[in-house]
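Structure file start-v6.pdb (PDB, C-alpha atoms and all ligand atoms) is printed below.
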```pdb
ATOM      1  CA  MET A   1      26.579  39.619 162.821
ATOM      2  CA  SER A   2      26.920  38.928 166.536
ATOM      3  CA  GLU A   3      28.173  41.598 168.912
ATOM      4  CA  GLN A   4      31.151  39.435 169.877
ATOM      5  CA  SER A   5      32.773  39.723 166.470
ATOM      6  CA  ARG A   6      32.691  43.500 166.510
ATOM      7  CA  CYS A   7      35.775  45.392 167.568
ATOM      8  CA  TRP A   8      35.773  46.064 171.270
ATOM      9  CA  PHE A   9      37.016  49.645 170.690
ATOM     10  CA  CYS A  10      35.385  50.955 167.539
ATOM     11  CA  HIS A  11      32.503  48.475 167.206
ATOM     12  CA  ARG A  12      33.185  47.902 163.525
ATOM     13  CA  SER A  13      32.387  44.452 162.172
ATOM     14  CA  ASP A  14      34.868  42.202 160.390
ATOM     15  CA  ALA A  15      33.381  43.070 156.984
ATOM     16  CA  GLU A  16      33.367  46.797 157.739
ATOM     17  CA  VAL A  17      37.027  46.746 158.712
ATOM     18  CA  MET A  18      37.988  44.739 155.626
ATOM     19  CA  ALA A  19      36.193  47.219 153.354
ATOM     20  CA  PHE A  20      37.640  50.195 155.204
ATOM     21  CA  ALA A  21      41.191  48.978 155.606
ATOM     22  CA  ASP A  22      41.833  47.261 152.284
ATOM     23  CA  VAL A  23      44.402  49.764 151.089
ATOM     24  CA  GLU A  24      46.044  49.276 147.724
ATOM     25  CA  THR A  25      49.798  48.740 148.142
ATOM     26  CA  PRO A  26      52.290  50.571 145.862
ATOM     27  CA  ARG A  27      53.194  47.198 144.328
ATOM     28  CA  GLN A  28      49.522  46.483 143.666
ATOM     29  CA  ARG A  29      49.156  49.854 141.927
ATOM     30  CA  GLU A  30      52.288  49.190 139.888
ATOM     31  CA  ILE A  31      50.971  45.811 138.757
ATOM     32  CA  LEU A  32      47.620  47.327 137.759
ATOM     33  CA  GLN A  33      49.419  49.949 135.677
ATOM     34  CA  GLN A  34      51.472  47.238 133.992
ATOM     35  CA  MET A  35      48.300  45.265 133.287
ATOM     36  CA  SER A  36      46.684  48.204 131.519
ATOM     37  CA  GLN A  37      49.923  48.769 129.595
ATOM     38  CA  VAL A  38      49.888  45.177 128.390
ATOM     39  CA  THR A  39      46.291  45.599 127.202
ATOM     40  CA  ARG A  40      47.246  48.778 125.351
ATOM     41  CA  PHE A  41      50.371  47.244 123.811
ATOM     42  CA  LYS A  42      48.381  44.255 122.646
ATOM     43  CA  ASP A  43      45.883  46.563 120.918
ATOM     44  CA  ASP A  44      48.740  48.459 119.269
ATOM     45  CA  PHE A  45      50.297  45.180 118.195
ATOM     46  CA  LEU A  46      47.025  44.065 116.579
ATOM     47  CA  GLN A  47      46.761  47.338 114.686
ATOM     48  CA  SER A  48      50.367  47.035 113.508
ATOM     49  CA  ALA A  49      49.699  43.448 112.450
ATOM     50  CA  ASP A  50      47.041  44.706 110.027
ATOM     51  CA  VAL A  51      49.513  47.184 108.545
ATOM     52  CA  TRP A  52      52.150  44.466 108.185
ATOM     53  CA  ARG A  53      49.755  42.043 106.475
ATOM     54  CA  LYS A  54      48.846  44.673 103.903
ATOM     55  CA  GLY A  55      52.334  46.121 103.547
ATOM     56  CA  VAL A  56      54.777  43.229 103.287
ATOM     57  CA  PRO A  57      56.185  43.251  99.754
ATOM     58  CA  LYS A  58      54.481  40.660  97.591
ATOM     59  CA  GLU A  59      57.729  40.402  95.651
ATOM     60  CA  LEU A  60      59.278  38.679  98.641
ATOM     61  CA  LYS A  61      56.505  36.185  99.207
ATOM     62  CA  GLU A  62      58.565  33.196  98.123
ATOM     63  CA  PHE A  63      61.326  34.126 100.556
ATOM     64  CA  ASP A  64      61.772  32.393 103.864
ATOM     65  CA  PHE A  65      60.345  34.427 106.785
ATOM     66  CA  SER A  66      63.437  33.924 108.928
ATOM     67  CA  PHE A  67      65.688  34.907 106.048
ATOM     68  CA  VAL A  68      63.777  38.108 105.322
ATOM     69  CA  THR A  69      63.523  39.176 108.956
ATOM     70  CA  SER A  70      67.158  38.457 109.727
ATOM     71  CA  ASN A  71      68.284  40.369 106.629
ATOM     72  CA  ALA A  72      65.707  43.171 106.639
ATOM     73  CA  ASP A  73      68.354  45.840 106.015
ATOM     74  CA  GLN A  74      69.503  44.212 102.821
ATOM     75  CA  PHE A  75      66.163  44.549 101.121
ATOM     76  CA  LYS A  76      66.387  48.302 100.798
ATOM     77  CA  PRO A  77      68.765  48.361  97.816
ATOM     78  CA  ILE A  78      67.390  45.248  96.143
ATOM     79  CA  ARG A  79      65.708  45.811  92.832
ATOM     80  CA  ILE A  80      63.209  43.130  92.009
ATOM     81  CA  GLY A  81      61.919  43.006  88.475
ATOM     82  CA  ASN A  82      61.806  46.318  86.694
ATOM     83  CA  GLY A  83      61.272  49.655  88.365
ATOM     84  CA  LEU A  84      60.026  48.177  91.623
ATOM     85  CA  LEU A  85      62.713  49.828  93.691
ATOM     86  CA  GLY A  86      60.377  52.577  94.867
ATOM     87  CA  GLU A  87      57.834  50.067  96.086
ATOM     88  CA  ILE A  88      60.337  47.917  97.845
ATOM     89  CA  ALA A  89      62.163  50.767  99.557
ATOM     90  CA  ALA A  90      59.226  51.806 101.726
ATOM     91  CA  PRO A  91      58.444  48.282 102.989
ATOM     92  CA  SER A  92      61.993  47.953 104.289
ATOM     93  CA  LYS A  93      60.911  50.274 107.114
ATOM     94  CA  LEU A  94      57.970  47.982 107.637
ATOM     95  CA  LEU A  95      60.238  44.933 107.688
ATOM     96  CA  GLY A  96      62.317  46.724 110.303
ATOM     97  CA  GLU A  97      59.183  47.244 112.363
ATOM     98  CA  ILE A  98      58.325  43.560 112.124
ATOM     99  CA  VAL A  99      61.854  42.638 113.199
ATOM    100  CA  ASP A 100      61.674  44.987 116.202
ATOM    101  CA  ALA A 101      58.276  43.667 117.269
ATOM    102  CA  LYS A 102      59.536  40.115 116.904
ATOM    103  CA  LYS A 103      62.540  40.875 119.120
ATOM    104  CA  LEU A 104      60.312  42.304 121.834
ATOM    105  CA  THR A 105      57.747  39.536 121.885
ATOM    106  CA  VAL A 106      58.755  36.339 120.118
ATOM    107  CA  ASP A 107      62.372  36.251 121.290
ATOM    108  CA  TRP A 108      61.258  36.545 124.903
ATOM    109  CA  LEU A 109      58.589  33.899 124.468
ATOM    110  CA  GLU A 110      61.077  31.543 122.828
ATOM    111  CA  SER A 111      63.469  31.977 125.728
ATOM    112  CA  VAL A 112      60.857  31.076 128.366
ATOM    113  CA  ALA A 113      58.726  28.530 126.508
ATOM    114  CA  LEU A 114      60.356  25.563 128.235
ATOM    115  CA  VAL A 115      59.945  27.117 131.686
ATOM    116  CA  LEU A 116      56.304  27.960 130.989
ATOM    117  CA  ARG A 117      55.569  24.480 129.670
ATOM    118  CA  GLY A 118      57.215  22.824 132.669
ATOM    119  CA  GLY A 119      55.509  25.190 135.111
ATOM    120  CA  ASP A 120      58.795  25.473 136.977
ATOM    121  CA  GLY A 121      61.946  27.560 136.799
ATOM    122  CA  GLU A 122      62.645  31.253 136.530
ATOM    123  CA  ILE A 123      61.073  33.799 134.187
ATOM    124  CA  PRO A 124      63.397  36.748 133.494
ATOM    125  CA  GLY A 125      61.845  39.941 134.826
ATOM    126  CA  PHE A 126      59.267  38.014 136.797
ATOM    127  CA  GLY A 127      61.014  35.540 139.069
ATOM    128  CA  LYS A 128      60.517  31.933 140.028
ATOM    129  CA  LEU A 129      57.274  30.138 139.239
ATOM    130  CA  SER A 130      57.519  27.727 142.154
ATOM    131  CA  PRO A 131      55.856  29.997 144.786
ATOM    132  CA  PHE A 132      52.723  30.245 142.657
ATOM    133  CA  GLU A 133      49.716  27.993 142.855
ATOM    134  CA  LYS A 134      49.661  24.783 140.873
ATOM    135  CA  GLY A 135      46.563  25.909 138.979
ATOM    136  CA  ASP A 136      48.302  29.056 137.790
ATOM    137  CA  ARG A 137      51.401  27.193 136.668
ATOM    138  CA  GLU A 138      49.216  24.658 134.854
ATOM    139  CA  ALA A 139      47.384  27.497 133.106
ATOM    140  CA  LEU A 140      50.693  28.797 131.732
ATOM    141  CA  SER A 141      51.682  25.324 130.633
ATOM    142  CA  ARG A 142      48.322  24.884 128.890
ATOM    143  CA  MET A 143      48.735  28.182 127.015
ATOM    144  CA  VAL A 144      51.981  26.903 125.512
ATOM    145  CA  ASP A 145      50.643  23.407 124.784
ATOM    146  CA  GLN A 146      47.468  24.650 123.125
ATOM    147  CA  PHE A 147      49.346  27.139 120.990
ATOM    148  CA  GLU A 148      51.826  24.555 119.781
ATOM    149  CA  ALA A 149      49.094  21.996 119.122
ATOM    150  CA  LYS A 150      47.134  24.510 117.054
ATOM    151  CA  TRP A 151      50.122  25.399 114.891
ATOM    152  CA  HIS A 152      51.837  21.998 114.970
ATOM    153  CA  ARG A 153      54.977  23.931 115.795
ATOM    154  CA  ARG A 154      57.191  24.438 118.778
ATOM    155  CA  ILE A 155      57.461  28.038 119.957
ATOM    156  CA  GLY A 156      61.217  27.866 120.189
ATOM    157  CA  SER A 157      63.498  26.095 117.777
ATOM    158  CA  ASP A 158      66.186  23.664 118.877
ATOM    159  CA  GLY A 159      67.752  24.155 115.454
ATOM    160  CA  SER A 160      66.741  20.775 114.093
ATOM    161  CA  LYS A 161      64.999  20.366 110.769
ATOM    162  CA  GLY A 162      61.778  18.568 110.058
ATOM    163  CA  SER A 163      59.140  17.405 112.504
ATOM    164  CA  ASP A 164      59.899  16.132 115.965
ATOM    165  CA  ARG A 165      58.405  12.976 117.445
ATOM    166  CA  GLY A 166      55.174  14.790 118.201
ATOM    167  CA  GLY A 167      54.904  15.840 114.544
ATOM    168  CA  TYR A 168      55.758  19.437 115.402
ATOM    169  CA  LYS A 169      58.054  21.647 113.366
ATOM    170  CA  GLN A 170      60.518  23.941 115.112
ATOM    171  CA  GLY A 171      59.765  27.646 115.351
ATOM    172  CA  PHE A 172      59.687  29.384 111.974
ATOM    173  CA  GLU A 173      61.321  26.509 110.111
ATOM    174  CA  GLY A 174      60.112  26.298 106.505
ATOM    175  CA  LEU A 175      57.675  29.202 106.760
ATOM    176  CA  LYS A 176      57.607  31.645 103.879
ATOM    177  CA  LEU A 177      57.068  35.331 104.420
ATOM    178  CA  PHE A 178      53.265  35.434 104.671
ATOM    179  CA  ASP A 179      52.758  32.287 106.747
ATOM    180  CA  GLY A 180      55.721  33.238 108.888
ATOM    181  CA  LEU A 181      54.171  36.623 109.516
ATOM    182  CA  GLU A 182      50.912  34.985 110.645
ATOM    183  CA  PHE A 183      52.835  32.677 112.977
ATOM    184  CA  MET A 184      54.763  35.644 114.335
ATOM    185  CA  ILE A 185      51.577  37.651 114.938
ATOM    186  CA  ALA A 186      50.038  34.679 116.769
ATOM    187  CA  LEU A 187      53.198  34.371 118.896
ATOM    188  CA  GLY A 188      53.079  38.093 119.642
ATOM    189  CA  LEU A 189      49.497  37.806 120.870
ATOM    190  CA  LEU A 190      50.424  34.803 123.004
ATOM    191  CA  TYR A 191      53.269  36.892 124.455
ATOM    192  CA  TYR A 192      50.793  39.533 125.643
ATOM    193  CA  ASP A 193      48.420  36.885 127.004
ATOM    194  CA  VAL A 194      51.263  35.260 128.951
ATOM    195  CA  GLN A 195      52.319  38.671 130.285
ATOM    196  CA  ALA A 196      48.748  39.378 131.396
ATOM    197  CA  GLN A 197      48.533  35.990 133.115
ATOM    198  CA  LEU A 198      51.858  36.515 134.925
ATOM    199  CA  LEU A 199      50.776  39.969 136.088
ATOM    200  CA  ASP A 200      47.469  38.635 137.327
ATOM    201  CA  MET A 201      49.333  35.957 139.293
ATOM    202  CA  ALA A 202      51.600  38.628 140.785
ATOM    203  CA  ARG A 203      48.572  40.762 141.649
ATOM    204  CA  ARG A 204      46.816  37.957 143.518
ATOM    205  CA  LYS A 205      50.018  37.023 145.328
ATOM    206  CA  GLU A 206      50.429  40.624 146.450
ATOM    207  CA  ILE A 207      46.846  40.775 147.724
ATOM    208  CA  ASN A 208      47.225  37.500 149.610
ATOM    209  CA  SER A 209      50.491  38.609 151.191
ATOM    210  CA  LYS A 210      48.936  41.685 152.736
ATOM    211  CA  PRO A 211      48.336  41.374 156.470
ATOM    212  CA  LYS A 212      44.863  40.125 157.154
ATOM    213  CA  ARG A 213      42.534  43.007 157.921
ATOM    214  CA  GLY A 214      39.522  42.398 160.091
ATOM    215  CA  VAL A 215      38.463  41.610 163.626
ATOM    216  CA  SER A 216      40.191  38.910 165.621
ATOM    217  CA  VAL A 217      40.356  37.937 169.261
ATOM    218  CA  LEU A 218      43.460  39.361 170.848
ATOM    219  CA  LEU A 219      45.045  39.651 174.229
ATOM    220  CA  VAL A 220      45.813  43.081 175.647
ATOM    221  CA  ASN A 221      47.863  43.352 178.835
ATOM    222  CA  GLY A 222      45.624  43.412 181.837
ATOM    223  CA  TYR A 223      42.425  42.450 180.002
ATOM    224  CA  PRO A 224      40.744  39.194 179.107
ATOM    225  CA  PRO A 225      40.949  38.335 175.367
ATOM    226  CA  VAL A 226      38.775  40.708 173.367
ATOM    227  CA  PRO A 227      37.845  41.045 169.714
ATOM    228  CA  LEU A 228      39.873  43.859 168.172
ATOM    229  CA  CYS A 229      40.060  45.157 164.647
ATOM    230  CA  SER A 230      43.340  45.544 162.815
ATOM    231  CA  VAL A 231      42.877  49.329 162.544
ATOM    232  CA  CYS A 232      42.632  49.782 166.303
ATOM    233  CA  VAL A 233      45.486  47.329 166.834
ATOM    234  CA  ASP A 234      47.687  49.438 164.548
ATOM    235  CA  VAL A 235      46.767  52.562 166.524
ATOM    236  CA  MET A 236      47.542  50.818 169.809
ATOM    237  CA  LYS A 237      50.901  49.618 168.519
ATOM    238  CA  GLU A 238      51.680  53.112 167.285
ATOM    239  CA  LEU A 239      50.771  54.659 170.643
ATOM    240  CA  SER A 240      52.725  52.136 172.666
ATOM    241  CA  SER A 241      55.840  52.610 170.550
ATOM    242  CA  GLN A 242      55.536  56.399 170.858
ATOM    243  CA  ARG A 243      55.135  56.274 174.614
ATOM    244  CA  ASP A 244      58.025  53.879 174.848
ATOM    245  CA  ALA A 245      56.410  52.708 178.046
ATOM    246  CA  GLU A 246      54.980  49.360 179.050
ATOM    247  CA  PRO A 247      54.035  47.816 175.711
ATOM    248  CA  ALA A 248      50.288  47.622 175.441
ATOM    249  CA  ALA A 249      50.331  46.073 171.995
ATOM    250  CA  PRO A 250      47.943  43.160 171.861
ATOM    251  CA  GLN A 251      49.098  39.643 171.184
ATOM    252  CA  GLN A 252      47.427  36.988 169.153
ATOM    253  CA  VAL A 253      45.667  34.404 171.283
ATOM    254  CA  ALA A 254      47.049  31.021 170.344
ATOM    255  CA  VAL A 255      43.721  29.343 169.904
ATOM    256  CA  ALA A 256      41.097  32.022 169.692
ATOM    257  CA  PRO A 257      37.566  30.727 169.569
ATOM    258  CA  ARG A 258      35.098  33.145 168.086
ATOM    259  CA  PRO A 259      32.719  34.269 169.491
ATOM    260  CA  ILE A 260      34.502  34.220 172.819
ATOM    261  CA  VAL A 261      31.449  34.689 175.006
ATOM    262  CA  LYS A 262      28.463  32.445 174.563
ATOM    263  CA  ALA A 263      25.228  34.369 174.556
ATOM    264  CA  ALA A 264      23.427  33.733 177.817
TER     265      ALA A 264
HETATM  266 ZN    ZN A 301      38.456  48.771 166.000
END
```
Final structure tokens representation of the file:
Amino acid sequence: MSEQSRCWFCHRSDAEVMAFADVETPRQREILQQMSQVTRFKDDFLQSADVWRKGVPKELKEFDFSFVTSNADQFKPIRIGNGLLGEIAAPSKLLGEIVDAKKLTVDWLESVALVLRGGDGEIPGFGKLSPFEKGDREALSRMVDQFEAKWHRRIGSDGSKGSDRGGYKQGFEGLKLFDGLEFMIALGLLYYDVQAQLLDMARRKEINSKPKRGVSVLLVNGYPPVPLCSVCVDVMKELSSQRDAEPAAPQQVAVAPRPIVKAA
């Protein structure tokens, strides 16, 4: 690295300043915590999914998934066949668990599927997609498209019966308990993947919005333009505001060639 691109005050290079001054913002920390939460929740969800697969009452297998999950409470007192009450009573807790998990994951996904697919609009709890890069918005759209193509089903239901023009069914339409559960588990996993993608987008946006740290050519009152690092500039600004005297804070040179002095 040439001498010219080192800070005139502290002699640190651009790379040194970037490594030294890249401080994690509170928002960045918050996003990282949320990302590890999503990973943990997804693991928990997968473990629960195993319990659900094994535990859903076989006696209800001919029932419609949507019917069972929207009437989970009613299955507690139902006696199916002879003496099966004991076996069916315990799974009603499990059905309740499935319903709760579905509310947390699938309902949210259903409500944003159109926005994700279009790559535009607002995601509740996240904000507008429009400020994000096209590639990121396309990635979200692809996640929805690929999921629906794999299952030949739309994530959300518009309430219509039968297949749409693309040959896709709507949501849980026509799915019996076991197949519906598999579809719900797949939707739940997609929910966590979408959350992870959104958080990663937010993380990168936060990093990019931080003021650039490094060495740039700046103008200080009374001196020719000199290369200064952002750390020293911050100190100078701090000092000049404390003194409340003639501001010595450097200003950005409009067009700042670098290096400024050609080696003789
Ligand atoms: Zn410096």
Legend entry - Within 8 Å of ligand ZN 301 (chain A), counting all atoms listed in the file, residues as an NGL selection string: :A and (6-12 or 17 or 215 or 228-233)
Would you write out those residues with C-alpha atoms, as a short mmCIF file (atom, residue, chain, number, x, y, z; two decimals), in the frame of the given file?
```cif
data_model
loop_
_atom_site.label_atom_id
_atom_site.label_comp_id
_atom_site.auth_asym_id
_atom_site.auth_seq_id
_atom_site.Cartn_x
_atom_site.Cartn_y
_atom_site.Cartn_z
CA ARG A 6 32.69 43.50 166.51
CA CYS A 7 35.78 45.39 167.57
CA TRP A 8 35.77 46.06 171.27
CA PHE A 9 37.02 49.64 170.69
CA CYS A 10 35.38 50.96 167.54
CA HIS A 11 32.50 48.48 167.21
CA ARG A 12 33.18 47.90 163.52
CA VAL A 17 37.03 46.75 158.71
CA VAL A 215 38.46 41.61 163.63
CA LEU A 228 39.87 43.86 168.17
CA CYS A 229 40.06 45.16 164.65
CA SER A 230 43.34 45.54 162.82
CA VAL A 231 42.88 49.33 162.54
CA CYS A 232 42.63 49.78 166.30
CA VAL A 233 45.49 47.33 166.83
#
```
Inset, instruction - Considering all atoms listed in the file, return as a VMD selection string whatever protein or nucleic-acid residues lie within 12 Å of Ala149 of chain A, sequence-local ones (same chain, fewer than 5 positions apart) excluded. - result: chain A and resid 142 to 144 154 to 155 166 to 169
So that I have them on file, write out the residues from the current selection with C-alpha atoms, as a PDB file, in the coordinates of the input.
```pdb
ATOM      1  CA  ARG A 142      48.322  24.884 128.890  1.00  0.00           C
ATOM      2  CA  MET A 143      48.735  28.182 127.015  1.00  0.00           C
ATOM      3  CA  VAL A 144      51.981  26.903 125.512  1.00  0.00           C
ATOM      4  CA  ARG A 154      57.191  24.438 118.778  1.00  0.00           C
ATOM      5  CA  ILE A 155      57.461  28.038 119.957  1.00  0.00           C
ATOM      6  CA  GLY A 166      55.174  14.790 118.201  1.00  0.00           C
ATOM      7  CA  GLY A 167      54.904  15.840 114.544  1.00  0.00           C
ATOM      8  CA  TYR A 168      55.758  19.437 115.402  1.00  0.00           C
ATOM      9  CA  LYS A 169      58.054  21.647 113.366  1.00  0.00           C
TER      10      LYS A 169
END
```
Inset, instruction - Would you mind listing what lies within 12 Å of Leu46 of chain A as a ChimeraX atom specification, with all atoms listed in the file counted and same-chain residues fewer than 6 positions away left out? - result: /A:39-40,52-53,101,182,184-190,192
Legend entry - atom CA of Gly118 of chain A to atom CA of Glu138 of chain A, distance in Å rounded to a single decimal: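 It comes out at 8.5 Å.
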Inset, instruction - Check the smallest atom-to-atom distance from each of A:Asn208, A:Ser70, A:Ser130, A:Gln170 to Gln28 of chain A using all atoms listed in the file, then report the winner. - result: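 Nearest candidate to Gln28 of chain A out of A:Asn208, A:Ser70, A:Ser130, A:Gln170: A:Asn208.
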Inset, instruction - Grab the atom CA of Phe20 of chain A to atom CA of Tyr223 of chain A distance for me, in Å with one decimal place. - result: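 Atom CA of Phe20 of chain A sits 26.4 Å away from atom CA of Tyr223 of chain A.
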Inset, instruction - Would you kindly identify which residues have an atom no farther than 12 Å from (50.9, 33.8, 139.3), using all atoms listed in the file and the file's own coordinates, and write them out as a PyMOL selection string? - result: chain A and resi 116+119-120+123+126-140+194-208
Inset, instruction - Counting only C-alpha atoms, figure out which residue out of A:Gly171, A:Asp14, A:Gln34, A:Leu114 gets nearest to Asp145 of chain A. - result: A:Leu114
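Across the structure, atom CA of Asp50 of chain A and atom CA of Leu32 of chain A are spaced 27.9 Å apart.
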Inset, instruction - I need the residue set behind the PyMOL selection byres (((chain A and resi 95) around 10) and not hetatm) for this file; please write it as a PyMOL selection string. - result: chain A and resi 52+55-57+68-73+75-76+90-94+96-101
